[in-house]
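Report on one structure; see the data block that follows.
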Amino acid sequence: MPRQGLRTVLLFGPAAVWLAIAGGLAVAAAFDPVPAVRDEGGVSPETCARCHQREHTTWHASYHRTMTQPAGPTAATLVRTKSPAGPADRVLAPFAGERFDALGFRATMSKSAAGVPHVRIEAIDGDGRPTGRVLVDDDVALFVGSHRYQQLVVARPAAVGTVGVRLPVAFDPDLGRWLHLNAAFLEPDGAFGNEADYLRHATAYNDNCLFCHNTAPAPGRVTDAGFRSSAEGLGITCEACHGGARAHVEAMADPLRRVAATVSRAAADGGLFVPDAATGRRGSDVCGRCHGQRIAADIGHVLRHGDGFVPGEVLADVSRPIFRDSSLAGRPDVDFRGRFWSDGTPRLSAYEYQGLLTSPCAADPSFGCATCHTMHGDDPDDQLRPGVRDGAVCTSCHGTLVDETPNHALHRDAEATCLDCHMPRVTYGLFRTMRTHRVVPPVTDAGPDDGGPARPPACLSCHVSADVEALARWGDPSVHATEGSVADACPSGVPYVVCLAIGGDPIERAVAVDLIAAADRPDVTAALADVLDDPYPALRSMAMRGLRRLALRRQDRVLAAALAAFEPMAEASARATTVEAVRRRLGPSPLVGRPEARGRLAEARRRTDIWIGE
Amino acid sequence: MPASVHLRASVVLLAVFLASGLWIEAALGLRLPALADDPLRREFVRLGHAHGGILSMANLVMAWVMVRLETPEGWARVVRPAFFVGAACVGLGFGLGGIFHGTTDPGPFVLLVPAGAMLWICGLAAVALVRPGDRPPAHARNASQQG
């Protein structure tokens with residue numbers, strides 16, 4: 001080789017060889033997809049964070065992450081995890097000796113000598129003195145939830161393994177105090193000193209909460225002897241939505257494969273699932289697993305091994321969603337109609353998937369949860385994409401509709417959003433009403449039937465003072481009076497929401513309470529004082545929360561002070577002082593001087609009382 | 001590559017990478033989402049701008065160093081393009097790898113960066129090791145005899 005050629009080879013050779021080898025390997029990786037296999041998973045979020053830092057940051061700020069947190073060493077005996085769980089970092093309650101009395105029992109929250117949160121629940125007499133009967137005296141094993149309230153789970157030994165028991169008290173971060181779970185579900189009060197009533201919601205954890213509060217849960221039920229529960233990880237971690245990631249992580253350890261993956265997705269994901277990018281319904285199936293109550297295809301298998309659903313597969317293969325006309329084989333006594341309005345729109349949270357499936361928009365297979373929501377955005381509260389609240393998502397398809405129809409233009413000019421009329425707040429969950437996830441016409445043709453009431457007209461979102469006659473003029477057939485209905489009992493000139501708040505069934509009352517509290521109008525607000533006396537503690541709690549928001553907005557210190565001591569679970573005699581003080585502050589009830597109407601509404605309410613637990 | 005061409009080309013390369021800095025500043029100043037909202041792209045474009053600019057200046061320095069060390073022309077003719085191409089590869093590899101990137105990693109252009117680094121290492125080794133008295137190539141001897 002001539003000398004000059006040798007020098008060129010010495011100087012340029014290594015770089016040329018590098019480019020040839022690295023380029024060749026990268027091209028080979030691009031044509032060598034990671035096999036799409038069912039992956040055993042067990043990859044921790046921290047491992048994912050090594051490459052997906054932004055996604056990890058948004059997940060870390062989310063409430064999905066803290067759906068389950070370990071509280072102490074017994075957590076590991078309750079749920080074995082492949083991915084190690086870090087210490088709880090979102091603990092809402094102080095556990096500094098707080099005491100909370102309800103229904104003749106006292107819960108005392110403290111910490112053990114080792115610093116583990118501890119709960120003792122004992123019976124008390126009418127004067128508040130302990131009777132010596134102790135129901136609970138345990139260290140907390142798990143914290144469940146951290147958004148609306150934080151629940152506690154203790155571990156109890158069983159013949160096989162341990163069984164988790166969800167305690168009936170939880171901490172409410174909005175109020176900064178403890179609450180009883182009877183006040184979170186739509187049920188009447190229990191009896192003072194009745195242990196069964198007090199422990200109504202002290203349910204088993206392993207075959208209940210475990211499913212939707214952890215990643216890839218398997219209850220591990222051993223006949224009736226106990227549970228050996230396991231999960232990929234505590235809380236909702238990356239693999240809950242993306243599936244097992246072990247094959248992906250191992251493949252992506254190769255930097256040249258990572259480079260290839262920038263031009264060829266097959267080189268990267270293998271069996272990994274990206275719900276946002278999925279076509280058809282499969283992306284929403286991932287959410288529907290928890291945000292859509294379902295009936296398992298094989299409950300025995302589910303209780304032993306979990307439902308076996310893997311993100312990217314078809315949810316309907318392992319379960320079917322509950323609809324209004326659903327039934328359970330061999331259980332004719334189970335009636336799901338109370339969970340839906342008469343037109344089939346879900347009335348409870350955790351039925352969002354059903355809302356999606358029954359929306360007319362769902363005719364377009366590209367419409368799904370990810371149309372409005374993103375798990376990796378800047379809004380940890382509702383995890384909405386930018387522009388969703390003002391209806392931008394709606395107008396992306398129905399842009400011309402607003403200008404073409406006079407009613408739309410009229411309401412747009414009045415600053416009503418698409419959501420106000422087509423996704424009204426007619427769903428109850430966790431002390432509040434939420435927007436339905438079924439995109440609906442503002443009014444429904446379906447009147448009340450034996451299974452339950454008609455969906456309240458969306459017009460009430462803004463026209464809170466409208467009476468039955470006004471609503472009928474606006475074309476809502478649902479308020480056409482049927483004998484004994486709320487509309488039938490609602491006098492002309494009285495706002496329909498007031499009648500709903502007093503005479504509706506529990507969810508109608510809940511819807512009315514939030515509408516009244518949001519409107520803050522003198523002709524309806526005083527009705528909230530009536531709801532402070534509702535027979536259901538959850539409704540009393542909602543009225544109290546609505547009034548507190550009202551007091552904050554009005555900067556009304558007198559009203560705030562009157563409400564400060566109000567405890568929805570307290571005896572009626574103990575609540576009476578607050579109710580009177582609030583009545584004095586808000587003025588007379590809209591039904592004052594109409595005892596006959598009030599009686600008819602109370603009668604309507606009695607006929608429609610239902611229990612909606614879990 | 002003759003010395004004068006190397007110097008001119010290096011100055012042009014320096015101008016190109018300095019101009020890319022102006023573009024980065026403008027994009028950040030105007031909050032262009034393609035750069036401002038994309039941390040991976042921002043990082044790699046900055047790396048490209050910085051490495052390209054500094055290595056362009058290093059080209060000018062090495063041109064001076066080779067004169068001071070009296071690097072034989074036969075070696076210098078090969079070392080100069082190695083430095084120049086190396087600087088371009090590193091700067092453009094970072095920049096283009098960042099502009100055309102994937103979800104978590106830079107795009108395939110980033111493979112140019114190690115190649116550019118190797119060119120520089122080989123070039124620096126040659127400048128350091130070759131002495132003025134080393135035998136010049138035949139065509140250089142012929143040229144000097146004809147002159």
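We label chains A, B, ... in the order they appear in the structure tokens, count residues from 1 in each chain, and number ligands from 1 in the order shown.
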
I'd like the contact shell of region 488-501 of chain A - 10 Å cut-off, only C-alpha atoms, skipping same-chain residues fewer than 2 positions apart - returned as a PDB file with C-alpha atoms, in the first residue's frame.
```pdb
ATOM      1  CA  PRO A 456     -82.273  15.350  35.279  1.00  0.00           C
ATOM      2  CA  LEU A 460     -80.449  22.827  35.284  1.00  0.00           C
ATOM      3  CA  SER A 461     -76.669  23.247  34.991  1.00  0.00           C
ATOM      4  CA  HIS A 463     -81.080  27.473  34.671  1.00  0.00           C
ATOM      5  CA  VAL A 464     -81.058  26.454  38.289  1.00  0.00           C
ATOM      6  CA  SER A 465     -84.195  28.430  39.121  1.00  0.00           C
ATOM      7  CA  ALA A 466     -86.293  26.788  36.424  1.00  0.00           C
ATOM      8  CA  ASP A 467     -89.529  25.180  37.625  1.00  0.00           C
ATOM      9  CA  VAL A 468     -91.207  22.115  36.160  1.00  0.00           C
ATOM     10  CA  GLU A 469     -93.278  24.153  33.738  1.00  0.00           C
ATOM     11  CA  ALA A 470     -90.253  25.974  32.345  1.00  0.00           C
ATOM     12  CA  LEU A 471     -88.406  22.708  31.854  1.00  0.00           C
ATOM     13  CA  VAL A 479     -90.228  16.115  34.057  1.00  0.00           C
ATOM     14  CA  HIS A 480     -93.740  15.510  32.772  1.00  0.00           C
ATOM     15  CA  ALA A 481     -95.490  14.625  35.958  1.00  0.00           C
ATOM     16  CA  THR A 482     -96.156  10.971  36.552  1.00  0.00           C
ATOM     17  CA  GLU A 483     -98.194  10.258  39.644  1.00  0.00           C
ATOM     18  CA  GLY A 484     -96.124  10.304  42.780  1.00  0.00           C
ATOM     19  CA  SER A 485     -92.993  11.559  41.016  1.00  0.00           C
ATOM     20  CA  VAL A 486     -90.891  14.515  42.166  1.00  0.00           C
ATOM     21  CA  GLY A 503     -87.985  14.702  47.134  1.00  0.00           C
ATOM     22  CA  GLY A 504     -85.569  12.973  44.760  1.00  0.00           C
ATOM     23  CA  ASP A 505     -83.905   9.637  45.219  1.00  0.00           C
ATOM     24  CA  PRO A 506     -80.410   9.747  46.773  1.00  0.00           C
ATOM     25  CA  ILE A 507     -78.585  10.460  43.516  1.00  0.00           C
ATOM     26  CA  GLU A 508     -81.131  13.027  42.367  1.00  0.00           C
ATOM     27  CA  ARG A 509     -80.663  14.723  45.727  1.00  0.00           C
ATOM     28  CA  ALA A 510     -76.897  14.622  45.289  1.00  0.00           C
ATOM     29  CA  VAL A 511     -77.151  16.145  41.806  1.00  0.00           C
ATOM     30  CA  ALA A 512     -79.436  18.880  43.124  1.00  0.00           C
ATOM     31  CA  VAL A 513     -77.153  19.699  46.064  1.00  0.00           C
ATOM     32  CA  ASP A 514     -74.149  20.310  43.843  1.00  0.00           C
ATOM     33  CA  LEU A 515     -76.194  22.331  41.339  1.00  0.00           C
ATOM     34  CA  ILE A 516     -77.549  24.540  44.128  1.00  0.00           C
ATOM     35  CA  ASP A 523     -83.938  31.580  45.605  1.00  0.00           C
ATOM     36  CA  VAL A 524     -82.428  28.103  45.874  1.00  0.00           C
ATOM     37  CA  THR A 525     -79.454  28.222  48.258  1.00  0.00           C
ATOM     38  CA  ALA A 526     -81.525  27.978  51.432  1.00  0.00           C
ATOM     39  CA  ALA A 527     -82.619  24.476  50.376  1.00  0.00           C
ATOM     40  CA  LEU A 528     -79.145  23.278  51.377  1.00  0.00           C
ATOM     41  CA  ASP A 530     -82.907  21.317  54.487  1.00  0.00           C
ATOM     42  CA  VAL A 531     -80.437  18.780  53.072  1.00  0.00           C
ATOM     43  CA  ASP A 534     -81.320  14.518  55.035  1.00  0.00           C
ATOM     44  CA  LEU A 539     -76.196  13.806  51.409  1.00  0.00           C
ATOM     45  CA  ALA A 543     -74.687  19.760  51.662  1.00  0.00           C
ATOM     46  CA  SER A 589     -86.399  27.608  52.707  1.00  0.00           C
ATOM     47  CA  PRO A 590     -87.965  27.937  49.233  1.00  0.00           C
ATOM     48  CA  LEU A 591     -90.698  25.643  50.532  1.00  0.00           C
ATOM     49  CA  ARG A 594     -95.899  25.136  51.772  1.00  0.00           C
ATOM     50  CA  GLU A 596     -98.397  20.291  51.851  1.00  0.00           C
ATOM     51  CA  ALA A 597     -95.780  20.411  49.075  1.00  0.00           C
ATOM     52  CA  ARG A 598     -93.047  19.485  51.486  1.00  0.00           C
ATOM     53  CA  GLY A 599     -95.097  16.514  52.646  1.00  0.00           C
ATOM     54  CA  ARG A 600     -95.706  15.328  49.092  1.00  0.00           C
ATOM     55  CA  LEU A 601     -92.002  15.619  48.304  1.00  0.00           C
ATOM     56  CA  ALA A 602     -91.092  13.704  51.445  1.00  0.00           C
ATOM     57  CA  GLU A 603     -93.541  11.027  50.356  1.00  0.00           C
ATOM     58  CA  ALA A 604     -91.966  10.917  46.880  1.00  0.00           C
ATOM     59  CA  ARG A 605     -88.557  10.558  48.499  1.00  0.00           C
TER      60      ARG A 605
END
```

Which residues come within 9 Å of Ala63 (chain B), counting only C-alpha atoms, excluding same-chain residues fewer than 6 positions away, as a PyMOL selection string? chain B and resi 3+6-7+76+80

How close does each residue of region 17-123 of chain B get to region 11-32 of chain A, giving the shortest atom pair and distance in Å to one decimal for every residue with an atom at most 10 Å away, counting only C-alpha atoms, sorted by chain and residue number, as a Markdown table?
```
| residue | atom | partner | partner_atom | distance |
| --- | --- | --- | --- | --- |
| B:Trp75 | CA | A:Leu11 | CA | 9.8 |
| B:Val78 | CA | A:Leu11 | CA | 7.5 |
| B:Val79 | CA | A:Leu11 | CA | 7.2 |
| B:Pro81 | CA | A:Phe12 | CA | 9.5 |
| B:Ala82 | CA | A:Leu11 | CA | 6.8 |
| B:Phe83 | CA | A:Leu11 | CA | 9.7 |
| B:Val85 | CA | A:Phe12 | CA | 9.8 |
| B:Gly86 | CA | A:Ala15 | CA | 9.1 |
| B:Pro108 | CA | A:Ala26 | CA | 8.2 |
| B:Phe109 | CA | A:Gly23 | CA | 9.8 |
| B:Leu111 | CA | A:Leu19 | CA | 7.0 |
| B:Leu112 | CA | A:Leu19 | CA | 7.3 |
| B:Val113 | CA | A:Ala15 | CA | 9.7 |
| B:Pro114 | CA | A:Ala15 | CA | 7.5 |
| B:Ala115 | CA | A:Ala15 | CA | 4.3 |
| B:Gly116 | CA | A:Ala15 | CA | 7.0 |
| B:Ala117 | CA | A:Ala15 | CA | 8.1 |
| B:Met118 | CA | A:Ala15 | CA | 5.6 |
| B:Leu119 | CA | A:Phe12 | CA | 6.2 |
| B:Trp120 | CA | A:Leu11 | CA | 8.7 |
| B:Ile121 | CA | A:Leu11 | CA | 8.7 |
| B:Cys122 | CA | A:Leu11 | CA | 5.3 |
| B:Gly123 | CA | A:Leu11 | CA | 6.3 |
```

Written file, previous selection with N, CA and C atoms, as an mmCIF file, in the first residue's frame:
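Output below, filename result-v3.cif:
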```cif
data_model
loop_
_atom_site.group_PDB
_atom_site.id
_atom_site.type_symbol
_atom_site.label_atom_id
_atom_site.label_comp_id
_atom_site.auth_asym_id
_atom_site.auth_seq_id
_atom_site.Cartn_x
_atom_site.Cartn_y
_atom_site.Cartn_z
ATOM 1 N N TRP B 75 1.630 14.113 6.085
ATOM 2 C CA TRP B 75 0.700 13.826 7.169
ATOM 3 C C TRP B 75 -0.345 14.933 7.302
ATOM 4 N N VAL B 78 -3.479 14.782 5.283
ATOM 5 C CA VAL B 78 -4.493 13.811 5.689
ATOM 6 C C VAL B 78 -5.124 14.199 7.028
ATOM 7 N N VAL B 79 -4.290 14.787 7.901
ATOM 8 C CA VAL B 79 -4.797 15.131 9.240
ATOM 9 C C VAL B 79 -5.826 16.274 9.156
ATOM 10 N N PRO B 81 -8.129 17.168 6.818
ATOM 11 C CA PRO B 81 -9.534 16.759 6.579
ATOM 12 C C PRO B 81 -10.099 15.904 7.707
ATOM 13 N N ALA B 82 -9.232 15.149 8.401
ATOM 14 C CA ALA B 82 -9.744 14.353 9.534
ATOM 15 C C ALA B 82 -10.300 15.285 10.603
ATOM 16 N N PHE B 83 -9.546 16.356 10.920
ATOM 17 C CA PHE B 83 -10.044 17.322 11.912
ATOM 18 C C PHE B 83 -11.328 17.987 11.429
ATOM 19 N N VAL B 85 -13.570 17.034 9.041
ATOM 20 C CA VAL B 85 -14.722 16.128 8.951
ATOM 21 C C VAL B 85 -15.157 15.693 10.359
ATOM 22 N N GLY B 86 -14.173 15.489 11.249
ATOM 23 C CA GLY B 86 -14.487 15.099 12.632
ATOM 24 C C GLY B 86 -15.341 16.153 13.316
ATOM 25 N N PRO B 108 -30.759 8.266 14.297
ATOM 26 C CA PRO B 108 -29.579 7.567 13.774
ATOM 27 C C PRO B 108 -28.391 8.490 13.471
ATOM 28 N N PHE B 109 -28.619 9.782 13.210
ATOM 29 C CA PHE B 109 -27.491 10.686 12.915
ATOM 30 C C PHE B 109 -26.487 10.737 14.067
ATOM 31 N N LEU B 111 -25.030 8.497 15.410
ATOM 32 C CA LEU B 111 -23.909 7.564 15.200
ATOM 33 C C LEU B 111 -22.695 8.277 14.595
ATOM 34 N N LEU B 112 -22.922 9.455 14.016
ATOM 35 C CA LEU B 112 -21.801 10.233 13.457
ATOM 36 C C LEU B 112 -20.892 10.763 14.559
ATOM 37 N N VAL B 113 -21.444 10.919 15.765
ATOM 38 C CA VAL B 113 -20.656 11.550 16.834
ATOM 39 C C VAL B 113 -19.431 10.712 17.209
ATOM 40 N N PRO B 114 -19.596 9.413 17.492
ATOM 41 C CA PRO B 114 -18.389 8.618 17.779
ATOM 42 C C PRO B 114 -17.421 8.589 16.601
ATOM 43 N N ALA B 115 -17.966 8.580 15.384
ATOM 44 C CA ALA B 115 -17.079 8.580 14.208
ATOM 45 C C ALA B 115 -16.252 9.854 14.184
ATOM 46 N N GLY B 116 -16.892 10.988 14.445
ATOM 47 C CA GLY B 116 -16.166 12.266 14.483
ATOM 48 C C GLY B 116 -15.131 12.285 15.592
ATOM 49 N N ALA B 117 -15.495 11.733 16.746
ATOM 50 C CA ALA B 117 -14.542 11.688 17.866
ATOM 51 C C ALA B 117 -13.325 10.840 17.509
ATOM 52 N N MET B 118 -13.562 9.735 16.802
ATOM 53 C CA MET B 118 -12.438 8.882 16.400
ATOM 54 C C MET B 118 -11.527 9.608 15.427
ATOM 55 N N LEU B 119 -12.102 10.364 14.522
ATOM 56 C CA LEU B 119 -11.279 11.134 13.578
ATOM 57 C C LEU B 119 -10.388 12.118 14.334
ATOM 58 N N TRP B 120 -10.944 12.737 15.348
ATOM 59 C CA TRP B 120 -10.162 13.703 16.119
ATOM 60 C C TRP B 120 -9.056 13.016 16.923
ATOM 61 N N ILE B 121 -9.397 11.888 17.527
ATOM 62 C CA ILE B 121 -8.380 11.183 18.327
ATOM 63 C C ILE B 121 -7.224 10.727 17.436
ATOM 64 N N CYS B 122 -7.570 10.169 16.275
ATOM 65 C CA CYS B 122 -6.517 9.716 15.353
ATOM 66 C C CYS B 122 -5.688 10.903 14.872
ATOM 67 N N GLY B 123 -6.377 12.014 14.566
ATOM 68 C CA GLY B 123 -5.664 13.206 14.092
ATOM 69 C C GLY B 123 -4.725 13.758 15.151
#
```

List the spatial neighbours of Ala50 (chain B) as a list of chain:residue names - criterion: any atom at most 10 Å away, only C-alpha atoms, same-chain residues fewer than 3 positions off excluded. B:Phe17, B:Leu18, B:Ser20, B:Gly21, B:Phe44, B:Val45, B:Arg46, B:Leu47, B:Gly53, B:Ile54, B:Leu55, B:Ser56, B:Val90, B:Gly91, B:Phe94, B:Gly95

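Across A:Gly5, A:Pro321, A:Gly399, A:Gly344, the tightest approach to chain B is made by A:Gly5 when counting only C-alpha atoms.
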
Which distance in Å separates CA of Ala297 (chain A) and CA of Leu315 (chain A), to one decimal? 10.6 Å

What parts of region 426-578 of chain A does DSSP call helix (DSSP H, G or I)? I'd like the answer as a ChimeraX atom specification. /A:458-461,468-473,477-479,486-489,496-503,506-519,522-525,527-531,537-554,557-564,572-578

So how many Å separate CA of Phe185 (chain A) and CA of Phe431 (chain A), to one decimal? 8.3 Å

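Counting only C-alpha atoms and comparing A:Leu384, A:Ala216, A:Val579, A:Val259, the residue that lies closest to chain B is A:Val259.
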